[in-house]
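Since the structure comes first, as structure tokens, the remarks are kept for the end.
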Amino acid sequence: MFGYLDINKDTLGDGQRGLWQTFMCGLCMSTKRDYGNFPRAFITNDINFFNVLFHSVVQADVEIENKTCFSHPLKKRAILKTNGLTDLLASANVLLTYWNVYDDVLDGTGLAKRTVLKSLKKSYTDAKLKLPLMDEMLSKMYAELQSMEKGGCSSIDKVAHSFASLSQQFCVQILADNATEYVQTLCYNLGKWIYLIDALDDVSKDIKSNNYNVFVRCYSLMRAKDIKKYCSDIKFLLYTTLNRIAQAFNDLNLTKYTCILQNVLFEGIRNKTERILKKSAELS
């Protein structure tokens with residue numbers, strides 16, 4: 001369910017794309033130091049977006065150093081110097097990854113996911129010690145989500161609210177007193193959009209595998225192509241959520257790293273929305 005918050009590379013300059021990667025590298029370095037190499041494979045664009053956003057919210061001046069890494073051993077590159085925030089996000093990402101994979105295993109996925117879950121166990125145990133309240137929150141919210149999915153909940157708003165609340169509480173746990181109303185509103189609606197766009201993207205796959213999908217359940221879809229009848233309603237729902245995201249971001253009046261944040265929120269996720277809506281409308 002992760003990987004949808006990405007930059008639009010076509011409209012970012014080389015330096016801005018480099019800054020996005022620099023933040024990613026800093027998160028990767030924190031993860032490597034605290035949890036080893038395996039969890040680094042699960043650092044996504046989504047968690048890196050929150051990395052940039054949270055640094056902007058707390059108005060952190062980051063330090064950049066040139067060094068080599070495991071992925072680029074021969075040439076030095078600009079890497080964000082690890083700090084308390086990248087360390088928190090590295091731990092949070094381990095917890096998010098573990099519970100997301102655990103959720104997939106409960107859904108009946110194959111041996112590969114069970115192997116990943118087992119391999120994450122040590123890192124998860126260590127991260128849980130650092131962020132026990134976040135782990136408890138994730139456990140409860142994934143259980144709530146599972147309960148609704150297993151019960152075949154047909155309410156789009158109710159199911160999406162559960163995942164959106166997870167995103168909101170993730171923000172509260174990391175930012176503490178800096179988690180203002182506007183930041184929470186932004187994170188809530190980002191979580192809602194991620195859940196909805198992922199569900200729309202997976203309609204065809206979920207029908208074939210008989211997995212829960214809120215759109216399949218809500219519209220009683222028997223064939224993937226039947227989603228075309230409801231694309232107008234779904235588009236309205238998605239763009240209502242995108243507009244709330246934009247408003248909350250504007251209300252924050254951020255001044256740092258805004259070139260990246262605006263690119264993701266005003267271009268990247270809107271382009272992603274249009275592509276997936278188009279794909280759904282063309283299903284046959």
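Going by the structure tokens order, chains are called A, B, ..., each with residues numbered from 1, while ligands are numbered from 1 in the order shown.
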Can you pull out every residue within 12 Å of range 233-239 of chain A, counting only C-alpha atoms, but drop anything in the same chain fewer than 5 positions away, and send it as an NGL selection string? :A and (156-157 or 160 or 189-201 or 214-215 or 218-219 or 227-228 or 244-246 or 266 or 269-278 or 280-281)
Those in range 26-251 of chain A with alpha helix (DSSP H) from DSSP, as an MDAnalysis selection string: chainID A and resid 26:35 45:57 84:106 111:130 132:150 156:175 181:201 203:209 214:218 231:251
To one decimal place in Å, what is the distance between CA of Thr125 in chain A and CA of Thr86 in chain A?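 Value for the CA of Thr125 in chain A-CA of Thr86 in chain A distance: 18.7 Å.
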Select, from A:Thr240, A:Thr31, A:Asn210, A:Ser162, the residue with the minimum atom-to-atom distance to Met148 in chain A, counting only C-alpha atoms. A:Ser162
Wanna dump the range 147-236 of chain A-range 57-67 of chain A contacts at 12 Å for me, each residue with its shortest atom pair and the distance in Å to one decimal, counting only C-alpha atoms, ordered by chain and number, as a tab-separated table?
```
residue	atom	partner	partner_atom	distance
A:Cys171	CA	A:Val57	CA	10.9
A:Ile174	CA	A:Val58	CA	11.0
A:Leu175	CA	A:Val58	CA	8.1
A:Ala176	CA	A:Val58	CA	10.6
A:Asp177	CA	A:Val58	CA	10.0
A:Asn178	CA	A:Val58	CA	6.8
A:Ala179	CA	A:Val57	CA	8.5
A:Thr180	CA	A:Val57	CA	9.3
A:Tyr182	CA	A:Val57	CA	10.5
A:Val183	CA	A:Val57	CA	8.1
A:Gln184	CA	A:Val57	CA	11.4
A:Leu186	CA	A:Val57	CA	11.8
```
Could those selected residues go to a file with all heavy atoms, as a tab-separated table (two decimals), in the first residue's frame?
```tsv
chain	number	residue	atom	x	y	z
A	171	CYS	N	1.88	11.07	12.35
A	171	CYS	CA	2.36	12.45	12.41
A	171	CYS	C	2.45	12.93	13.86
A	171	CYS	O	3.45	13.53	14.27
A	171	CYS	CB	1.41	13.34	11.60
A	171	CYS	SG	1.33	15.07	12.10
A	174	ILE	N	5.44	11.34	15.78
A	174	ILE	CA	6.77	11.82	15.38
A	174	ILE	C	6.98	13.29	15.75
A	174	ILE	O	8.02	13.67	16.28
A	174	ILE	CB	6.99	11.63	13.86
A	174	ILE	CG1	6.96	10.15	13.49
A	174	ILE	CG2	8.32	12.27	13.43
A	174	ILE	CD1	8.08	9.32	14.07
A	175	LEU	N	5.98	14.13	15.50
A	175	LEU	CA	6.15	15.57	15.66
A	175	LEU	C	5.79	16.08	17.05
A	175	LEU	O	6.16	17.20	17.41
A	175	LEU	CB	5.32	16.32	14.62
A	175	LEU	CG	5.79	16.23	13.18
A	175	LEU	CD1	4.85	16.96	12.25
A	175	LEU	CD2	7.21	16.79	13.03
A	176	ALA	N	5.04	15.31	17.81
A	176	ALA	CA	4.66	15.71	19.17
A	176	ALA	C	4.01	17.10	19.16
A	176	ALA	O	3.02	17.32	18.47
A	176	ALA	CB	5.86	15.64	20.10
A	177	ASP	N	4.59	18.05	19.88
A	177	ASP	CA	3.97	19.38	20.00
A	177	ASP	C	3.95	20.15	18.69
A	177	ASP	O	3.22	21.15	18.56
A	177	ASP	CB	4.72	20.21	21.05
A	177	ASP	CG	4.53	19.67	22.47
A	177	ASP	OD1	3.58	18.89	22.68
A	177	ASP	OD2	5.34	20.01	23.34
A	178	ASN	N	4.74	19.73	17.72
A	178	ASN	CA	4.75	20.41	16.41
A	178	ASN	C	3.65	19.90	15.48
A	178	ASN	O	3.51	20.39	14.36
A	178	ASN	CB	6.10	20.21	15.73
A	178	ASN	CG	7.20	21.02	16.40
A	178	ASN	OD1	7.12	22.24	16.50
A	178	ASN	ND2	8.23	20.34	16.88
A	179	ALA	N	2.89	18.91	15.94
A	179	ALA	CA	1.80	18.36	15.12
A	179	ALA	C	0.56	19.25	15.25
A	179	ALA	O	-0.39	18.94	15.96
A	179	ALA	CB	1.48	16.93	15.55
A	180	THR	N	0.58	20.35	14.54
A	180	THR	CA	-0.53	21.31	14.60
A	180	THR	C	-1.75	20.75	13.88
A	180	THR	O	-1.69	19.71	13.20
A	180	THR	CB	-0.13	22.62	13.93
A	180	THR	OG1	0.10	22.37	12.52
A	180	THR	CG2	1.14	23.21	14.54
A	182	TYR	N	-3.18	21.84	11.24
A	182	TYR	CA	-3.01	21.81	9.79
A	182	TYR	C	-2.14	20.64	9.36
A	182	TYR	O	-2.41	20.01	8.33
A	182	TYR	CB	-2.37	23.12	9.31
A	182	TYR	CG	-3.25	24.33	9.52
A	182	TYR	CD1	-2.72	25.53	9.98
A	182	TYR	CD2	-4.63	24.28	9.27
A	182	TYR	CE1	-3.52	26.66	10.18
A	182	TYR	CE2	-5.43	25.39	9.47
A	182	TYR	CZ	-4.88	26.57	9.93
A	182	TYR	OH	-5.68	27.67	10.12
A	183	VAL	N	-1.08	20.33	10.14
A	183	VAL	CA	-0.24	19.18	9.80
A	183	VAL	C	-1.05	17.89	9.91
A	183	VAL	O	-0.97	17.00	9.06
A	183	VAL	CB	1.00	19.09	10.73
A	183	VAL	CG1	1.90	17.94	10.28
A	183	VAL	CG2	1.78	20.38	10.72
A	184	GLN	N	-1.85	17.79	10.97
A	184	GLN	CA	-2.66	16.59	11.15
A	184	GLN	C	-3.70	16.44	10.04
A	184	GLN	O	-3.95	15.33	9.55
A	184	GLN	CB	-3.35	16.62	12.52
A	184	GLN	CG	-2.40	16.47	13.69
A	184	GLN	CD	-3.14	16.30	15.01
A	184	GLN	OE1	-4.08	15.52	15.12
A	184	GLN	NE2	-2.72	17.04	16.02
A	186	LEU	N	-3.42	17.59	6.99
A	186	LEU	CA	-2.67	17.20	5.80
A	186	LEU	C	-2.37	15.71	5.82
A	186	LEU	O	-2.61	14.99	4.84
A	186	LEU	CB	-1.37	18.01	5.72
A	186	LEU	CG	-0.38	17.62	4.61
A	186	LEU	CD1	-1.02	17.76	3.24
A	186	LEU	CD2	0.89	18.47	4.71
```
Need to verify the contact set: Phe23 in chain A, 9 Å, only C-alpha atoms, exclusion of same-chain residues closer than 2 positions in sequence. Can you return it as a PyMOL selection string? chain A and resi 18-21+25-28+48-49+51-52+79-81+86
Distance CA of Trp99 in chain A-CA of Met24 in chain A, one decimal place?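 That distance, rounded to one decimal, is 21.5 Å.
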Could you work out how far CA of Asn83 in chain A lies from CA of Met29 in chain A, giving the answer in Å with one decimal?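 Computing the Euclidean distance for CA of Met29 in chain A and CA of Asn83 in chain A yields 10.2 Å.
Minimum distance to Tyr35 in chain A across A:Val94, A:Leu12, A:Leu106, A:Ile7 (counting only C-alpha atoms) occurs at A:Val94.
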Within 12 Å of Ser139 in chain A, counting only C-alpha atoms, which residues qualify if same-chain residues fewer than 2 places away don't, as a list of chain:residue names?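 The neighbour list is A:Leu95, A:Leu96, A:Tyr98, A:Trp99, A:Asn100, A:Tyr102, A:Asp103, A:Lys128, A:Pro132, A:Leu133, A:Met134, A:Asp135, A:Glu136, A:Met137, A:Met141, A:Tyr142, A:Ala143, A:Glu144, A:Leu145, A:Gln146, A:Leu166.
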Same residues, N, CA, C and O atoms, saved as a PDB file, in the first residue's frame:
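Ended up saving to selection-v6.pdb:
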```
ATOM      1  N   LEU A  95       8.500  -0.115  11.811  1.00  0.00           N
ATOM      2  CA  LEU A  95       7.208  -0.518  12.377  1.00  0.00           C
ATOM      3  C   LEU A  95       6.116  -0.536  11.307  1.00  0.00           C
ATOM      4  O   LEU A  95       5.323  -1.487  11.223  1.00  0.00           O
ATOM      5  N   LEU A  96       6.069   0.501  10.489  1.00  0.00           N
ATOM      6  CA  LEU A  96       5.074   0.564   9.414  1.00  0.00           C
ATOM      7  C   LEU A  96       5.235  -0.601   8.444  1.00  0.00           C
ATOM      8  O   LEU A  96       4.249  -1.207   8.017  1.00  0.00           O
ATOM      9  N   TYR A  98       6.650  -3.538   9.032  1.00  0.00           N
ATOM     10  CA  TYR A  98       6.301  -4.796   9.689  1.00  0.00           C
ATOM     11  C   TYR A  98       4.793  -4.989   9.705  1.00  0.00           C
ATOM     12  O   TYR A  98       4.286  -6.069   9.332  1.00  0.00           O
ATOM     13  N   TRP A  99       4.040  -3.973  10.119  1.00  0.00           N
ATOM     14  CA  TRP A  99       2.587  -4.137  10.227  1.00  0.00           C
ATOM     15  C   TRP A  99       1.925  -4.220   8.858  1.00  0.00           C
ATOM     16  O   TRP A  99       0.905  -4.896   8.692  1.00  0.00           O
ATOM     17  N   ASN A 100       2.507  -3.561   7.865  1.00  0.00           N
ATOM     18  CA  ASN A 100       1.962  -3.675   6.515  1.00  0.00           C
ATOM     19  C   ASN A 100       2.152  -5.088   5.968  1.00  0.00           C
ATOM     20  O   ASN A 100       1.237  -5.674   5.377  1.00  0.00           O
ATOM     21  N   TYR A 102       2.642  -7.766   7.837  1.00  0.00           N
ATOM     22  CA  TYR A 102       1.800  -8.614   8.692  1.00  0.00           C
ATOM     23  C   TYR A 102       0.356  -8.621   8.185  1.00  0.00           C
ATOM     24  O   TYR A 102      -0.296  -9.676   8.137  1.00  0.00           O
ATOM     25  N   ASP A 103      -0.123  -7.449   7.786  1.00  0.00           N
ATOM     26  CA  ASP A 103      -1.473  -7.336   7.229  1.00  0.00           C
ATOM     27  C   ASP A 103      -1.600  -8.154   5.948  1.00  0.00           C
ATOM     28  O   ASP A 103      -2.611  -8.833   5.722  1.00  0.00           O
ATOM     29  N   LYS A 128      10.288  -1.384  18.167  1.00  0.00           N
ATOM     30  CA  LYS A 128       9.194  -1.364  19.136  1.00  0.00           C
ATOM     31  C   LYS A 128       9.671  -0.834  20.489  1.00  0.00           C
ATOM     32  O   LYS A 128       8.932  -0.121  21.185  1.00  0.00           O
ATOM     33  N   PRO A 132       7.329   2.507  21.505  1.00  0.00           N
ATOM     34  CA  PRO A 132       6.282   1.579  21.950  1.00  0.00           C
ATOM     35  C   PRO A 132       4.860   2.097  21.725  1.00  0.00           C
ATOM     36  O   PRO A 132       3.969   1.324  21.385  1.00  0.00           O
ATOM     37  N   LEU A 133       4.655   3.393  21.883  1.00  0.00           N
ATOM     38  CA  LEU A 133       3.312   3.947  21.697  1.00  0.00           C
ATOM     39  C   LEU A 133       2.890   3.890  20.229  1.00  0.00           C
ATOM     40  O   LEU A 133       1.730   3.620  19.916  1.00  0.00           O
ATOM     41  N   MET A 134       3.846   4.131  19.326  1.00  0.00           N
ATOM     42  CA  MET A 134       3.526   4.036  17.907  1.00  0.00           C
ATOM     43  C   MET A 134       3.208   2.599  17.521  1.00  0.00           C
ATOM     44  O   MET A 134       2.271   2.338  16.755  1.00  0.00           O
ATOM     45  N   ASP A 135       3.963   1.652  18.065  1.00  0.00           N
ATOM     46  CA  ASP A 135       3.692   0.253  17.766  1.00  0.00           C
ATOM     47  C   ASP A 135       2.303  -0.143  18.258  1.00  0.00           C
ATOM     48  O   ASP A 135       1.565  -0.841  17.560  1.00  0.00           O
ATOM     49  N   GLU A 136       1.939   0.302  19.437  1.00  0.00           N
ATOM     50  CA  GLU A 136       0.613  -0.002  19.982  1.00  0.00           C
ATOM     51  C   GLU A 136      -0.480   0.601  19.103  1.00  0.00           C
ATOM     52  O   GLU A 136      -1.495  -0.026  18.823  1.00  0.00           O
ATOM     53  N   MET A 137      -0.245   1.837  18.652  1.00  0.00           N
ATOM     54  CA  MET A 137      -1.205   2.504  17.777  1.00  0.00           C
ATOM     55  C   MET A 137      -1.359   1.768  16.452  1.00  0.00           C
ATOM     56  O   MET A 137      -2.480   1.533  15.983  1.00  0.00           O
ATOM     57  N   MET A 141      -4.797  -0.040  14.994  1.00  0.00           N
ATOM     58  CA  MET A 141      -5.421   0.465  13.781  1.00  0.00           C
ATOM     59  C   MET A 141      -5.427  -0.576  12.663  1.00  0.00           C
ATOM     60  O   MET A 141      -6.381  -0.657  11.892  1.00  0.00           O
ATOM     61  N   TYR A 142      -4.367  -1.382  12.587  1.00  0.00           N
ATOM     62  CA  TYR A 142      -4.386  -2.450  11.592  1.00  0.00           C
ATOM     63  C   TYR A 142      -5.413  -3.521  11.962  1.00  0.00           C
ATOM     64  O   TYR A 142      -6.053  -4.108  11.091  1.00  0.00           O
ATOM     65  N   ALA A 143      -5.594  -3.763  13.270  1.00  0.00           N
ATOM     66  CA  ALA A 143      -6.624  -4.715  13.705  1.00  0.00           C
ATOM     67  C   ALA A 143      -8.014  -4.191  13.352  1.00  0.00           C
ATOM     68  O   ALA A 143      -8.882  -4.950  12.907  1.00  0.00           O
ATOM     69  N   GLU A 144      -8.212  -2.892  13.527  1.00  0.00           N
ATOM     70  CA  GLU A 144      -9.491  -2.278  13.167  1.00  0.00           C
ATOM     71  C   GLU A 144      -9.746  -2.378  11.670  1.00  0.00           C
ATOM     72  O   GLU A 144     -10.855  -2.701  11.223  1.00  0.00           O
ATOM     73  N   LEU A 145      -8.707  -2.119  10.899  1.00  0.00           N
ATOM     74  CA  LEU A 145      -8.823  -2.206   9.448  1.00  0.00           C
ATOM     75  C   LEU A 145      -9.111  -3.638   9.012  1.00  0.00           C
ATOM     76  O   LEU A 145      -9.977  -3.883   8.157  1.00  0.00           O
ATOM     77  N   GLN A 146      -8.409  -4.578   9.604  1.00  0.00           N
ATOM     78  CA  GLN A 146      -8.631  -5.985   9.288  1.00  0.00           C
ATOM     79  C   GLN A 146     -10.059  -6.400   9.616  1.00  0.00           C
ATOM     80  O   GLN A 146     -10.698  -7.130   8.859  1.00  0.00           O
ATOM     81  N   LEU A 166      -4.538   6.402  10.919  1.00  0.00           N
ATOM     82  CA  LEU A 166      -3.202   5.861  11.124  1.00  0.00           C
ATOM     83  C   LEU A 166      -2.146   6.875  10.687  1.00  0.00           C
ATOM     84  O   LEU A 166      -1.174   7.133  11.397  1.00  0.00           O
TER      85      LEU A 166
END
```
Which polymer residues have any atom within 9 Å of an atom of Val116 in chain A, counting only C-alpha atoms, with same-chain residues fewer than 4 positions away left out, as a ChimeraX atom specification? /A:98,101,111-112,120-121
Output for the residues just chosen: N, CA, C and O atoms as a PDB file, in the first residue's frame:
```pdb
ATOM      1  N   TYR A  98       6.650  -3.538   9.032  1.00  0.00           N
ATOM      2  CA  TYR A  98       6.301  -4.796   9.689  1.00  0.00           C
ATOM      3  C   TYR A  98       4.793  -4.989   9.705  1.00  0.00           C
ATOM      4  O   TYR A  98       4.286  -6.069   9.332  1.00  0.00           O
ATOM      5  N   VAL A 101       3.348  -5.655   6.181  1.00  0.00           N
ATOM      6  CA  VAL A 101       3.610  -7.029   5.742  1.00  0.00           C
ATOM      7  C   VAL A 101       2.765  -8.014   6.550  1.00  0.00           C
ATOM      8  O   VAL A 101       2.224  -8.985   6.002  1.00  0.00           O
ATOM      9  N   LEU A 111       4.380 -17.462   0.440  1.00  0.00           N
ATOM     10  CA  LEU A 111       5.571 -17.717   1.258  1.00  0.00           C
ATOM     11  C   LEU A 111       6.503 -16.509   1.309  1.00  0.00           C
ATOM     12  O   LEU A 111       7.137 -16.262   2.341  1.00  0.00           O
ATOM     13  N   ALA A 112       6.599 -15.756   0.226  1.00  0.00           N
ATOM     14  CA  ALA A 112       7.544 -14.634   0.160  1.00  0.00           C
ATOM     15  C   ALA A 112       7.274 -13.621   1.271  1.00  0.00           C
ATOM     16  O   ALA A 112       8.197 -13.173   1.959  1.00  0.00           O
ATOM     17  N   LEU A 120      12.097  -9.530   9.244  1.00  0.00           N
ATOM     18  CA  LEU A 120      11.946  -8.210   9.861  1.00  0.00           C
ATOM     19  C   LEU A 120      11.800  -8.277  11.381  1.00  0.00           C
ATOM     20  O   LEU A 120      11.806  -7.241  12.048  1.00  0.00           O
ATOM     21  N   LYS A 121      11.641  -9.475  11.921  1.00  0.00           N
ATOM     22  CA  LYS A 121      11.274  -9.625  13.326  1.00  0.00           C
ATOM     23  C   LYS A 121      12.256  -8.948  14.270  1.00  0.00           C
ATOM     24  O   LYS A 121      11.860  -8.229  15.202  1.00  0.00           O
TER      25      LYS A 121
END
```
List every residue of range 2-133 of chain A that DSSP, applied to the backbone of this structure, assigns to strand (DSSP E), and report them as a PyMOL selection string. chain A and resi 64-67+77-80
Polymer residues at most 12 Å from Ser220 in chain A, only C-alpha atoms, same-chain spacing of 4 or more positions, as a PyMOL selection string: chain A and resi 152-155+203+207+212-216+224+226-227+229-230
Within 7 Å of Leu261 in chain A, counting only C-alpha atoms, which residues qualify if same-chain residues fewer than 4 places away don't, as a VMD selection string? chain A and resid 53 257 265
Could you write those residues out with all heavy atoms, as a PDB file, in the first residue's frame?
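part_27.pdb, written as the output of this step:
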```pdb
ATOM      1  N   LEU A  53       8.742  16.642   4.702  1.00  0.00           N
ATOM      2  CA  LEU A  53       7.668  17.440   5.311  1.00  0.00           C
ATOM      3  C   LEU A  53       7.966  17.753   6.770  1.00  0.00           C
ATOM      4  O   LEU A  53       7.855  18.910   7.206  1.00  0.00           O
ATOM      5  CB  LEU A  53       6.343  16.689   5.200  1.00  0.00           C
ATOM      6  CG  LEU A  53       5.141  17.331   5.918  1.00  0.00           C
ATOM      7  CD1 LEU A  53       4.789  18.674   5.292  1.00  0.00           C
ATOM      8  CD2 LEU A  53       3.938  16.387   5.911  1.00  0.00           C
ATOM      9  N   TYR A 257      12.195  23.735   2.035  1.00  0.00           N
ATOM     10  CA  TYR A 257      12.074  22.567   1.161  1.00  0.00           C
ATOM     11  C   TYR A 257      10.723  22.531   0.435  1.00  0.00           C
ATOM     12  O   TYR A 257      10.225  21.466   0.065  1.00  0.00           O
ATOM     13  CB  TYR A 257      12.282  21.264   1.964  1.00  0.00           C
ATOM     14  CG  TYR A 257      13.358  21.403   3.012  1.00  0.00           C
ATOM     15  CD1 TYR A 257      13.076  21.225   4.369  1.00  0.00           C
ATOM     16  CD2 TYR A 257      14.665  21.767   2.658  1.00  0.00           C
ATOM     17  CE1 TYR A 257      14.060  21.387   5.331  1.00  0.00           C
ATOM     18  CE2 TYR A 257      15.649  21.925   3.620  1.00  0.00           C
ATOM     19  CZ  TYR A 257      15.337  21.748   4.959  1.00  0.00           C
ATOM     20  OH  TYR A 257      16.312  21.918   5.921  1.00  0.00           O
ATOM     21  N   LEU A 265       2.774  17.415  -3.905  1.00  0.00           N
ATOM     22  CA  LEU A 265       1.364  17.596  -3.564  1.00  0.00           C
ATOM     23  C   LEU A 265       0.533  18.227  -4.682  1.00  0.00           C
ATOM     24  O   LEU A 265      -0.657  17.943  -4.802  1.00  0.00           O
ATOM     25  CB  LEU A 265       1.244  18.454  -2.300  1.00  0.00           C
ATOM     26  CG  LEU A 265       1.858  17.839  -1.031  1.00  0.00           C
ATOM     27  CD1 LEU A 265       1.716  18.800   0.133  1.00  0.00           C
ATOM     28  CD2 LEU A 265       1.206  16.500  -0.704  1.00  0.00           C
TER      29      LEU A 265
END
```
